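With mmCIF, C-alpha atoms and all ligand atoms inside, this is data-v2.cif:
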```
data_my_file
loop_
_atom_site.label_atom_id
_atom_site.label_comp_id
_atom_site.auth_asym_id
_atom_site.auth_seq_id
_atom_site.Cartn_x
_atom_site.Cartn_y
_atom_site.Cartn_z
CA MET A 1 -27.53 4.05 -0.69
CA THR A 2 -26.32 4.66 2.81
CA LEU A 3 -23.07 6.48 3.26
CA ARG A 4 -20.38 4.03 4.37
CA LEU A 5 -17.12 5.91 4.35
CA GLY A 6 -15.90 9.47 4.89
CA VAL A 7 -12.40 10.23 3.63
CA VAL A 8 -10.71 13.24 5.21
CA LEU A 9 -8.05 14.95 3.12
CA PRO A 10 -6.20 17.60 5.12
CA THR A 11 -4.58 19.97 2.67
CA TYR A 12 -2.10 22.78 2.63
CA ASN A 13 -0.97 23.86 -0.83
CA GLU A 14 -2.16 20.75 -2.64
CA ARG A 15 -4.09 22.40 -5.48
CA LYS A 16 -2.41 20.39 -8.21
CA ASN A 17 -2.88 17.08 -6.40
CA LEU A 18 -6.59 17.32 -5.57
CA ARG A 19 -8.35 16.43 -8.82
CA GLY A 20 -6.21 13.33 -9.27
CA MET A 21 -6.86 12.28 -5.68
CA ILE A 22 -10.63 12.45 -6.11
CA GLN A 23 -10.40 10.48 -9.37
CA ARG A 24 -8.32 7.82 -7.65
CA LEU A 25 -10.78 7.66 -4.72
CA ASP A 26 -13.65 7.25 -7.16
CA LYS A 27 -11.85 4.43 -8.92
CA ALA A 28 -10.70 2.64 -5.77
CA LEU A 29 -14.02 2.88 -3.94
CA GLY A 30 -16.12 1.54 -6.83
CA GLY A 31 -19.46 0.47 -5.37
CA ILE A 32 -18.91 1.88 -1.88
CA PRO A 33 -20.93 5.04 -1.03
CA TRP A 34 -18.33 7.54 0.13
CA GLU A 35 -17.70 11.22 0.57
CA ALA A 36 -14.50 13.23 0.80
CA ILE A 37 -14.00 16.08 3.24
CA ILE A 38 -11.20 18.39 2.20
CA VAL A 39 -9.98 20.40 5.17
CA ASP A 40 -7.88 23.23 3.83
CA ASP A 41 -6.12 25.80 5.98
CA ASN A 42 -6.74 28.62 3.56
CA SER A 43 -3.75 27.60 1.41
CA PRO A 44 -2.16 30.49 -0.48
CA ASP A 45 -2.06 28.37 -3.66
CA GLY A 46 -5.87 28.38 -3.82
CA THR A 47 -6.48 24.76 -2.83
CA SER A 48 -9.89 25.70 -1.37
CA ASP A 49 -11.06 27.22 -4.66
CA GLU A 50 -9.94 24.14 -6.54
CA ALA A 51 -11.71 21.94 -3.97
CA ARG A 52 -14.94 23.91 -4.45
CA ALA A 53 -14.59 23.68 -8.22
CA ILE A 54 -14.35 19.90 -7.91
CA ALA A 55 -17.23 19.81 -5.42
CA GLN A 56 -19.50 21.71 -7.80
CA GLU A 57 -19.33 18.81 -10.21
CA ASP A 58 -19.20 16.04 -7.61
CA SER A 59 -21.42 16.42 -4.55
CA ARG A 60 -19.55 13.66 -2.74
CA VAL A 61 -16.79 16.19 -2.24
CA ARG A 62 -17.09 18.74 0.55
CA VAL A 63 -14.84 21.55 1.69
CA ILE A 64 -13.93 23.00 5.05
CA GLN A 65 -11.85 26.12 4.62
CA ARG A 66 -10.29 27.12 7.91
CA ILE A 67 -9.22 30.73 8.33
CA GLY A 68 -6.31 31.71 10.53
CA ARG A 69 -5.61 28.14 11.58
CA ARG A 70 -2.82 25.69 10.84
CA GLY A 71 -2.14 22.11 11.72
CA LEU A 72 -2.58 18.66 10.27
CA SER A 73 -3.87 17.09 13.49
CA SER A 74 -6.59 19.61 14.22
CA ALA A 75 -7.60 19.63 10.54
CA ALA A 76 -7.97 15.85 10.61
CA ILE A 77 -10.05 16.00 13.81
CA GLU A 78 -12.38 18.64 12.40
CA GLY A 79 -12.76 16.71 9.16
CA MET A 80 -13.52 13.46 10.98
CA CYS A 81 -16.18 15.19 13.08
CA ALA A 82 -17.79 16.63 9.95
CA THR A 83 -18.98 13.40 8.36
CA ALA A 84 -22.10 11.36 9.03
CA ALA A 85 -20.43 8.22 7.69
CA PRO A 86 -20.06 5.41 10.28
CA VAL A 87 -16.43 4.90 9.28
CA VAL A 88 -13.92 7.63 8.59
CA ALA A 89 -10.45 7.60 7.03
CA VAL A 90 -7.65 10.16 7.02
CA MET A 91 -5.02 10.22 4.30
CA ASP A 92 -2.49 12.54 2.66
CA ALA A 93 -3.75 14.42 -0.37
CA ASP A 94 -0.38 14.27 -2.15
CA HIS A 95 -0.65 10.73 -3.57
CA GLN A 96 1.78 9.21 -1.10
CA HIS A 97 -1.02 7.00 0.25
CA ASP A 98 -2.53 4.53 -2.21
CA PRO A 99 -6.36 4.74 -2.20
CA GLU A 100 -6.52 1.12 -3.40
CA LEU A 101 -5.94 0.09 0.22
CA LEU A 102 -9.19 1.72 1.37
CA PRO A 103 -11.65 -1.11 0.53
CA GLY A 104 -9.56 -3.67 2.45
CA MET A 105 -9.23 -1.34 5.44
CA LEU A 106 -12.98 -0.72 5.36
CA ALA A 107 -13.80 -4.41 5.10
CA ALA A 108 -11.72 -5.07 8.23
CA ILE A 109 -13.80 -2.59 10.22
CA GLU A 110 -17.18 -3.47 8.72
CA SER A 111 -16.55 -7.14 9.52
CA GLY A 112 -16.84 -6.14 13.17
CA GLU A 113 -13.47 -7.69 13.95
CA TYR A 114 -11.55 -4.42 14.10
CA ASP A 115 -12.14 -0.89 15.40
CA LEU A 116 -9.29 0.72 13.51
CA SER A 117 -7.20 -0.15 10.49
CA TYR A 118 -4.13 1.65 9.32
CA ALA A 119 -1.47 1.45 6.64
CA SER A 120 2.06 0.90 7.89
CA ARG A 121 5.27 1.88 6.14
CA PHE A 122 7.26 -0.57 8.21
CA ALA A 123 5.12 -3.71 8.46
CA GLU A 124 6.12 -6.98 6.86
CA GLY A 125 5.63 -6.49 3.11
CA ALA A 126 5.64 -2.68 3.25
CA SER A 127 8.09 -0.49 1.39
CA THR A 128 9.55 2.99 1.55
CA GLU A 129 11.82 2.49 -1.52
CA GLU A 130 9.81 4.77 -3.79
CA TRP A 131 9.66 7.52 -1.18
CA GLY A 132 13.36 8.15 -1.75
CA ARG A 133 13.91 9.73 1.66
CA PRO A 134 16.22 7.48 3.72
CA ASP A 135 16.70 10.37 6.17
CA ARG A 136 12.97 10.52 6.88
CA VAL A 137 12.78 6.72 7.16
CA LYS A 138 15.44 6.85 9.86
CA ALA A 139 13.74 9.70 11.67
CA SER A 140 10.37 7.95 11.51
CA ASN A 141 11.81 4.74 12.90
CA PHE A 142 13.36 6.64 15.75
CA ALA A 143 10.14 8.53 16.46
CA ASN A 144 8.19 5.26 16.38
CA LYS A 145 10.52 3.82 19.01
CA ILE A 146 10.11 6.77 21.38
CA ALA A 147 6.36 6.72 20.78
CA ASN A 148 6.21 3.04 21.73
CA LYS A 149 8.07 3.79 24.96
CA VAL A 150 6.04 6.79 26.05
CA THR A 151 2.56 5.65 25.01
CA GLY A 152 2.93 1.88 25.26
CA VAL A 153 1.45 1.62 21.76
CA GLU A 154 3.10 -1.34 20.05
CA LEU A 155 2.64 -0.89 16.32
CA THR A 156 5.16 -0.91 13.51
CA ASP A 157 4.18 2.63 12.46
CA PRO A 158 2.13 4.71 14.92
CA MET A 159 3.40 7.77 12.99
CA SER A 160 1.44 6.79 9.90
CA GLY A 161 -0.86 9.41 8.49
CA TYR A 162 -3.10 6.84 6.76
CA PHE A 163 -5.76 5.23 8.93
CA MET A 164 -9.47 4.52 9.31
CA LEU A 165 -11.74 4.01 12.30
CA LYS A 166 -15.33 3.94 13.47
CA SER A 167 -16.40 7.54 13.63
CA GLU A 168 -18.25 7.08 16.92
CA VAL A 169 -14.99 6.00 18.55
CA LEU A 170 -13.38 9.17 17.28
CA ARG A 171 -16.26 11.41 18.36
CA GLY A 172 -16.33 9.80 21.80
CA ASP A 173 -12.79 10.92 22.50
CA ALA A 174 -12.36 13.88 20.17
CA HIS A 175 -12.55 16.38 23.01
CA ARG A 176 -9.58 14.73 24.71
CA LEU A 177 -7.26 14.72 21.71
CA SER A 178 -4.49 17.26 21.88
CA GLY A 179 -4.76 18.49 18.29
CA VAL A 180 -1.15 19.64 18.54
CA GLY A 181 1.40 18.52 15.95
CA PHE A 182 0.54 16.07 13.24
CA LYS A 183 0.81 12.65 14.90
CA ILE A 184 -2.92 12.24 14.92
CA LEU A 185 -2.99 8.41 14.85
CA LEU A 186 -0.61 8.14 17.77
CA ASP A 187 -2.71 10.68 19.59
CA ILE A 188 -5.88 8.66 19.09
CA LEU A 189 -4.20 5.43 20.14
CA ALA A 190 -2.77 6.99 23.28
CA THR A 191 -6.04 8.71 24.19
CA VAL A 192 -8.88 6.21 23.79
CA GLU A 193 -9.73 4.40 26.97
CA THR A 194 -10.98 1.03 25.71
CA PRO A 195 -8.18 -0.72 23.81
CA LEU A 196 -8.81 -0.78 20.07
CA ARG A 197 -8.64 -3.87 17.91
CA ILE A 198 -6.24 -2.80 15.20
CA LYS A 199 -5.72 -4.13 11.70
CA GLU A 200 -2.36 -3.34 10.19
CA VAL A 201 -2.02 -3.18 6.40
CA PRO A 202 1.42 -2.91 4.79
CA MET A 203 1.75 -0.05 2.32
CA ASN A 204 4.10 1.02 -0.36
CA PHE A 205 4.71 4.63 0.67
CA ALA A 206 5.10 6.55 -2.57
CA ALA A 207 6.88 9.78 -3.37
CA ARG A 208 4.82 12.96 -3.21
CA ALA A 209 3.26 13.88 -6.59
CA GLU A 210 3.32 17.70 -6.73
CA GLY A 211 4.53 20.30 -4.25
CA GLU A 212 6.57 19.72 -1.16
CA SER A 213 6.25 18.33 2.37
CA LYS A 214 5.11 20.76 5.02
CA LEU A 215 6.38 18.79 7.91
CA ASP A 216 10.13 18.85 7.50
CA ARG A 217 11.13 21.81 9.57
CA THR A 218 8.85 21.40 12.57
CA VAL A 219 8.58 17.60 12.63
CA VAL A 220 10.75 17.01 15.64
CA PHE A 221 9.51 19.90 17.67
CA GLU A 222 5.82 19.18 17.16
CA PHE A 223 6.43 15.53 17.85
CA LEU A 224 8.08 16.29 21.19
CA VAL A 225 5.29 18.70 22.05
CA GLY A 226 2.77 15.98 21.24
CA LEU A 227 4.51 13.50 23.49
CA TYR A 228 4.73 15.99 26.29
CA ASP A 229 1.08 16.82 25.89
CA LYS A 230 0.09 13.19 26.32
CA TRP A 231 2.53 12.58 29.12
CA LEU A 232 2.36 15.58 31.47
CA GLY A 233 -0.01 17.88 29.61
CA ARG A 234 -2.88 16.93 31.90
CA TRP A 235 -1.12 18.45 34.91
CA ILE A 236 0.82 21.30 33.38
CA PRO A 237 -0.76 22.43 30.09
CA THR A 238 1.63 22.21 27.17
CA ARG A 239 1.45 25.85 26.24
CA PHE A 240 2.13 26.96 29.76
CA ALA A 241 5.05 24.51 30.03
CA LEU A 242 6.55 25.96 26.85
CA PHE A 243 5.91 29.49 28.00
CA GLY A 244 7.52 28.73 31.37
CA THR A 245 10.55 27.01 29.83
CA ILE A 246 11.12 29.92 27.50
CA GLY A 247 10.71 32.26 30.49
CA GLY A 248 13.44 30.29 32.25
CA LEU A 249 15.72 30.67 29.23
CA GLY A 250 14.88 34.36 29.32
CA VAL A 251 16.36 34.59 32.80
CA VAL A 252 19.60 33.10 31.48
CA VAL A 253 19.62 35.60 28.61
CA HIS A 254 18.96 38.40 31.08
CA MET A 255 21.94 37.43 33.24
CA ALA A 256 24.22 37.11 30.24
CA VAL A 257 23.28 40.55 28.90
CA LEU A 258 23.62 42.10 32.35
CA ALA A 259 27.10 40.62 32.74
CA ALA A 260 28.05 41.78 29.26
CA VAL A 261 26.89 45.36 29.87
CA LEU A 262 28.61 45.56 33.24
CA GLY A 263 31.78 44.05 31.81
CA LEU A 264 31.88 46.14 28.64
CA PHE A 265 30.61 49.50 29.85
CA GLY A 266 31.25 49.33 33.61
CA GLU A 267 34.28 51.56 33.11
CA ALA A 268 32.33 54.19 31.21
CA PHE A 269 29.97 54.76 34.13
CA LYS A 270 32.83 55.51 36.52
CA VAL A 271 32.67 59.16 35.50
CA SER A 272 29.20 59.58 37.02
CA HIS A 273 28.45 60.22 40.69
CA TYR A 274 26.94 56.81 41.31
CA PRO A 275 29.06 54.56 39.07
CA LYS A 276 27.77 51.25 40.42
CA GLU A 277 24.09 52.15 40.39
CA ALA A 278 24.25 53.80 36.98
CA ALA A 279 25.96 50.80 35.44
CA PHE A 280 23.50 48.46 37.08
CA ILE A 281 20.44 50.39 35.99
CA ALA A 282 21.72 50.55 32.42
CA GLY A 283 22.60 46.85 32.47
CA GLN A 284 19.37 45.74 34.11
CA THR A 285 17.23 47.79 31.72
CA THR A 286 19.02 46.54 28.61
CA ALA A 287 18.96 42.96 29.90
CA ALA A 288 15.25 43.10 30.69
CA LEU A 289 14.44 44.49 27.22
CA VAL A 290 16.60 41.93 25.45
CA ALA A 291 15.21 39.06 27.54
CA MET A 292 11.61 40.12 26.96
CA THR A 293 12.24 40.46 23.24
CA PHE A 294 13.88 37.05 23.23
CA ASN A 295 10.86 35.60 25.04
CA PHE A 296 8.48 37.31 22.66
CA VAL A 297 10.24 35.93 19.59
CA LEU A 298 10.51 32.37 20.92
CA ASN A 299 6.93 32.30 22.16
CA ASN A 300 5.81 33.61 18.80
CA GLU A 301 7.77 30.89 16.99
CA LEU A 302 7.08 27.96 19.30
CA THR A 303 4.43 28.41 21.98
CA TYR A 304 2.06 30.16 19.62
CA ALA A 305 3.34 28.67 16.36
CA ASP A 306 -0.28 28.09 15.36
CA LYS A 307 -1.17 31.75 15.93
CA ARG A 308 2.17 33.17 14.89
CA LEU A 309 2.25 36.91 14.25
CA ARG A 310 3.81 37.72 10.89
CA GLY A 311 4.77 40.90 9.10
CA PHE A 312 6.38 44.04 10.42
CA VAL A 313 3.36 45.84 11.88
CA PRO A 314 1.74 42.83 13.63
CA LEU A 315 5.14 41.88 15.05
CA CYS A 316 5.75 45.40 16.40
CA THR A 317 2.29 45.70 17.95
CA GLY A 318 2.66 42.20 19.39
CA TRP A 319 6.03 43.08 20.84
CA VAL A 320 4.76 46.26 22.52
CA ARG A 321 1.76 44.39 23.89
CA PHE A 322 4.05 41.71 25.21
CA LEU A 323 6.16 44.31 27.02
CA ILE A 324 3.02 45.79 28.60
CA THR A 325 1.86 42.32 29.59
CA CYS A 326 5.23 41.65 31.23
CA ALA A 327 4.89 44.85 33.23
CA PHE A 328 1.60 43.58 34.65
CA GLY A 329 3.20 40.22 35.39
CA LEU A 330 5.97 42.00 37.22
CA LEU A 331 3.45 43.93 39.34
CA ALA A 332 1.70 40.68 40.28
CA ASN A 333 5.06 39.10 41.03
CA ILE A 334 6.32 41.89 43.28
CA GLY A 335 2.94 42.42 44.91
CA ALA A 336 2.50 38.79 45.88
CA ALA A 337 6.07 38.29 47.03
CA THR A 338 6.02 41.48 49.14
CA ALA A 339 2.75 40.48 50.75
CA LEU A 340 4.22 37.12 51.70
CA VAL A 341 7.37 38.67 53.12
CA ARG A 342 5.20 41.01 55.19
CA LEU A 343 3.39 37.96 56.51
CA GLY A 344 6.73 36.72 57.75
CA PHE A 345 7.74 34.38 54.90
CA ASN A 346 11.37 33.78 54.05
CA PRO A 347 12.25 36.02 51.04
CA TYR A 348 13.39 33.17 48.75
CA PRO A 349 10.27 31.02 48.77
CA ALA A 350 8.30 34.29 48.62
CA ALA A 351 10.28 35.26 45.51
CA ILE A 352 9.49 31.90 43.90
CA VAL A 353 5.78 32.28 44.60
CA GLY A 354 6.01 35.75 43.06
CA ILE A 355 7.75 34.43 39.96
CA VAL A 356 5.21 31.65 39.47
CA LEU A 357 2.32 34.05 39.94
CA GLY A 358 3.89 36.59 37.60
CA SER A 359 4.39 33.91 34.94
CA VAL A 360 0.79 32.75 35.22
CA TRP A 361 -0.31 36.36 34.83
CA ASN A 362 2.01 36.88 31.87
CA PHE A 363 0.75 33.71 30.30
CA ALA A 364 -2.91 34.44 30.85
CA LEU A 365 -2.66 38.03 29.65
CA SER A 366 -0.44 37.39 26.65
CA SER A 367 -2.52 34.47 25.42
CA LYS A 368 -5.45 36.91 25.15
CA PHE A 369 -3.82 40.23 24.58
CA VAL A 370 -0.85 39.32 22.33
CA TRP A 371 -1.77 36.07 20.54
CA GLY A 372 -5.50 35.94 21.07
CA LYS A 373 -8.29 37.55 19.11
CA TYR A 374 -8.46 40.70 21.10
N1 LIG B 1 -5.18 21.43 6.72
C1 LIG B 1 -3.85 21.21 6.83
N2 LIG B 1 -3.13 22.05 7.65
N3 LIG B 1 -3.27 20.21 6.16
C2 LIG B 1 -1.93 20.04 6.28
C3 LIG B 1 -1.14 20.86 7.11
C4 LIG B 1 -1.78 21.91 7.82
O1 LIG B 1 -1.17 22.68 8.56
N4 LIG B 1 0.16 20.41 7.03
C5 LIG B 1 0.13 19.38 6.17
N5 LIG B 1 -1.11 19.15 5.72
C6 LIG B 1 -1.56 18.12 4.77
C7 LIG B 1 -0.75 18.09 3.47
O2 LIG B 1 -1.28 18.97 2.51
C8 LIG B 1 -0.89 16.63 3.08
O3 LIG B 1 -2.08 16.38 2.39
C9 LIG B 1 -0.92 15.90 4.42
O4 LIG B 1 -1.37 16.85 5.37
C10 LIG B 1 0.46 15.37 4.84
O5 LIG B 1 1.40 16.42 4.83
P1 LIG B 1 2.84 16.27 4.12
O6 LIG B 1 3.49 17.59 4.18
O7 LIG B 1 2.70 15.62 2.80
O8 LIG B 1 3.54 15.27 5.14
P2 LIG B 1 4.77 14.26 4.88
O9 LIG B 1 4.51 13.50 3.63
O10 LIG B 1 6.04 14.96 5.00
O11 LIG B 1 4.61 13.29 6.16
C11 LIG B 1 4.14 11.98 6.01
O12 LIG B 1 4.71 11.16 6.98
C12 LIG B 1 4.32 11.46 8.31
C13 LIG B 1 5.03 10.52 9.25
O13 LIG B 1 6.42 10.63 9.09
C14 LIG B 1 2.60 11.98 6.11
O14 LIG B 1 2.13 10.72 5.74
C15 LIG B 1 2.11 12.27 7.50
O15 LIG B 1 0.70 12.09 7.54
C16 LIG B 1 2.81 11.31 8.45
O16 LIG B 1 2.41 11.62 9.79
MN MN B 2 3.10 13.75 2.15
#
```
Kindly present the structure from the file in structure tokens form.
Amino acid sequence: MTLRLGVVLPTYNERKNLRGMIQRLDKALGGIPWEAIIVDDNSPDGTSDEARAIAQEDSRVRVIQRIGRRGLSSAAIEGMCATAAPVVAVMDADHQHDPELLPGMLAAIESGEYDLSYASRFAEGASTEEWGRPDRVKASNFANKIANKVTGVELTDPMSGYFMLKSEVLRGDAHRLSGVGFKILLDILATVETPLRIKEVPMNFAARAEGESKLDRTVVFEFLVGLYDKWLGRWIPTRFALFGTIGGLGVVVHMAVLAAVLGLFGEAFKVSHYPKEAAFIAGQTTAALVAMTFNFVLNNELTYADKRLRGFVPLCTGWVRFLITCAFGLLANIGAATALVRLGFNPYPAAIVGIVLGSVWNFALSSKFVWGKY
């Protein structure tokens, strides 16, 4: 019996849903040789242990337990690369995707007529009634529209998390996928060079069985990041773009704090010998600290959401390291700009070069020293 289908189940806190999922796969896939690859991001509810318990009794089930990592997209990619099956599917592990659709999707690909098949929530004959989330339906429709515009992919539901494709197609382009966010299908469609022949299957998108959705809070943000990544990410890497944007916001914060300190406490400094300088030094120092802290927090939440530092001690160490990193960035900034001015450059363009250089330094250092495995 040659393996025909690998089913990737990315999981985060799905312990109670797993056993039922495997039973349903077994039932739906009847005579088809299949295996399931559960990719769990070390869920606190013990999903990995449950997956191993199931796998002990059923060797078609395999487990990848990722430590210190998060993300649906990257989990799906790793799972898809971990099977020897010629065709691989990805689906939710929470019973929202009906496994009964798998044989039809597989037949479409095995017939040689299609490279990819996917289940759509918005195709003719599909339904989202049971889901009971009109807000999410609206948001998904909106996201699908933007996705069509930016990527030129014309499907009824490129946001779907339920799809199947030839694994060699996936492996051929896996290194070019962004792995950011959770719009993995859209990512594949926008990345592969040769156009894929796609079979669309309408689905009845059910309500989640146990537990809750993980994608509510960050849906929009990760989606935008994903689009950016595909659109401009090749020229300016996404992380650096985020880091730079947050840096720009930091400048605004800095100015606001400086103005506030000068406005509020300017009077108080009049008693000293150098009222203006004293007020400015106090304002500039406070502003720089507040702005750096602001940058640290936002970068921790957004730019490095996947490596986010949590807990009091890691946050404090991270913060101090970030401040040190910024000091190095500042040295690079001032050094480069001064050198240019000495060479006869106009101070303003020189300042800009300094800022860009300083940011690159900050970015490079902090990605290693603050959010990396140092
Ligand atoms: N390994 C891993 N890591 N798995 C994850 C992560 C993660 O960080 N986040 C979510 N998952 C798993 C969940 O455990 C579930 O099996 C599946 O990925 C989908 O996550 P849900 O949290 O259930 O997503 P949803 O139901 O809100 O979103 C649905 O609609 C989206 C489009 O609007 C899903 O069908 C998505 O796949 C789809 O993109
Ligand atoms: Mn779900």
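Every residue having at least one atom no farther than 6 Å from ligand MN 2 (chain B) is included below, with all atoms listed in the file taken into account: A:Asp92, A:Asp94, A:Gln96, A:Arg208, A:Ser213.
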What do you get as a PyMOL selection string if you pick all residues at most 9 Å from ligand LIG 1 (chain B), counting all atoms listed in the file?
chain A and resi 9-14+17+38-43+65-66+69-76+90-97+136-137+139-141+143+157-162+181-185+205+207-208+211-216+219+306
Could the residues in this selection be written to a file with C-alpha atoms, as a compact mmCIF listing (two decimals), in the frame of the given file?
```txt
# COMPACT_ATOMS: atom_id res chain seq x y z
CA LEU A 9 -8.05 14.95 3.12
CA PRO A 10 -6.20 17.60 5.12
CA THR A 11 -4.58 19.97 2.67
CA TYR A 12 -2.10 22.78 2.63
CA ASN A 13 -0.97 23.86 -0.83
CA GLU A 14 -2.16 20.75 -2.64
CA ASN A 17 -2.88 17.08 -6.40
CA ILE A 38 -11.20 18.39 2.20
CA VAL A 39 -9.98 20.40 5.17
CA ASP A 40 -7.88 23.23 3.83
CA ASP A 41 -6.12 25.80 5.98
CA ASN A 42 -6.74 28.62 3.56
CA SER A 43 -3.75 27.60 1.41
CA GLN A 65 -11.85 26.12 4.62
CA ARG A 66 -10.29 27.12 7.91
CA ARG A 69 -5.61 28.14 11.58
CA ARG A 70 -2.82 25.69 10.84
CA GLY A 71 -2.14 22.11 11.72
CA LEU A 72 -2.58 18.66 10.27
CA SER A 73 -3.87 17.09 13.49
CA SER A 74 -6.59 19.61 14.22
CA ALA A 75 -7.60 19.63 10.54
CA ALA A 76 -7.97 15.85 10.61
CA VAL A 90 -7.65 10.16 7.02
CA MET A 91 -5.02 10.22 4.30
CA ASP A 92 -2.49 12.54 2.66
CA ALA A 93 -3.75 14.42 -0.37
CA ASP A 94 -0.38 14.27 -2.15
CA HIS A 95 -0.65 10.73 -3.57
CA GLN A 96 1.78 9.21 -1.10
CA HIS A 97 -1.02 7.00 0.25
CA ARG A 136 12.97 10.52 6.88
CA VAL A 137 12.78 6.72 7.16
CA ALA A 139 13.74 9.70 11.67
CA SER A 140 10.37 7.95 11.51
CA ASN A 141 11.81 4.74 12.90
CA ALA A 143 10.14 8.53 16.46
CA ASP A 157 4.18 2.63 12.46
CA PRO A 158 2.13 4.71 14.92
CA MET A 159 3.40 7.77 12.99
CA SER A 160 1.44 6.79 9.90
CA GLY A 161 -0.86 9.41 8.49
CA TYR A 162 -3.10 6.84 6.76
CA GLY A 181 1.40 18.52 15.95
CA PHE A 182 0.54 16.07 13.24
CA LYS A 183 0.81 12.65 14.90
CA ILE A 184 -2.92 12.24 14.92
CA LEU A 185 -2.99 8.41 14.85
CA PHE A 205 4.71 4.63 0.67
CA ALA A 207 6.88 9.78 -3.37
CA ARG A 208 4.82 12.96 -3.21
CA GLY A 211 4.53 20.30 -4.25
CA GLU A 212 6.57 19.72 -1.16
CA SER A 213 6.25 18.33 2.37
CA LYS A 214 5.11 20.76 5.02
CA LEU A 215 6.38 18.79 7.91
CA ASP A 216 10.13 18.85 7.50
CA VAL A 219 8.58 17.60 12.63
CA ASP A 306 -0.28 28.09 15.36
```
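You can rank A:Leu165, A:Ala123, A:Gly31, A:Val220 by their closest distance to Phe142 (chain A) using all atoms listed in the file, and at the top of that list sits A:Val220.
Taking all atoms listed in the file into account, Lys16 (chain A) lies nearest to A:Glu210 out of the set A:Ala51, A:Glu210, A:Met105, A:Arg342.
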What is the CA of Leu25 (chain A) to CA of Gly104 (chain A) distance in Å?
13.5 Å
Excluding region 281-287 of chain A and residues on its chain fewer than 5 positions from it, collect all residues at most 9 Å away from it, counting only C-alpha atoms, and give them as a list of chain:residue names.
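After dropping sequence-adjacent residues, the list is A:Val253, A:His254, A:Met255, A:Ala256, A:Val257, A:Leu258, A:Ala259, A:Ala260, A:Val261, A:Leu262, A:Phe265, A:Lys276, A:Met292.
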Skip Asp229 (chain A) itself and residues of its chain fewer than 2 positions away, then list as a list in words all residues within 10 Å of it, counting all atoms listed in the file.
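The filter keeps Leu177, Ser178, Gly179, Val180, Asp187, Phe223, Leu224, Val225, Gly226, Leu227, Trp231, Leu232, Gly233, Arg234, Trp235, Ile236, Pro237, Thr238, Arg239 and Ala241 of chain A.
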Separation of CA of Leu298 (chain A) and CA of Phe243 (chain A), in Å?
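Value for the CA of Leu298 (chain A)-CA of Phe243 (chain A) distance: 8.9 Å.
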Compare A:Leu106, A:Leu264, A:Ile355, A:Cys316 by their minimum atom-to-atom distance to Glu200 (chain A), counting all atoms listed in the file, and give me the closest one.
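When distances to Glu200 (chain A) are compared using all atoms listed in the file, the smallest one comes from A:Leu106.
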Could you list, as a PyMOL selection string, every residue within 9 Å of Val192 (chain A), counting all atoms listed in the file and ignoring same-chain residues fewer than 5 positions away?
chain A and resi 169-170+172-173+176-177+187
So the first atom is CA of Glu35 (chain A) and the second is CA of Val61 (chain A); what is the distance between them in Å, to one decimal place?
5.8 Å
Near Phe163 (chain A), counting only C-alpha atoms, which residues have an atom at most 6 Å away, once you skip same-chain residues fewer than 2 positions from it, shown as an MDAnalysis selection string?
chainID A and resid 89:90 117:118
Counting all atoms listed in the file, the option among A:Leu18, A:Leu315, A:Pro86, A:Asn299 closest to Thr245 (chain A)
A:Asn299
Counting all atoms listed in the file, note down every residue that has an atom within 10 Å of the point (-5.0, 40.7, 19.5) (file coordinates), as a ChimeraX atom specification.
/A:309,314,317-318,321,366-374
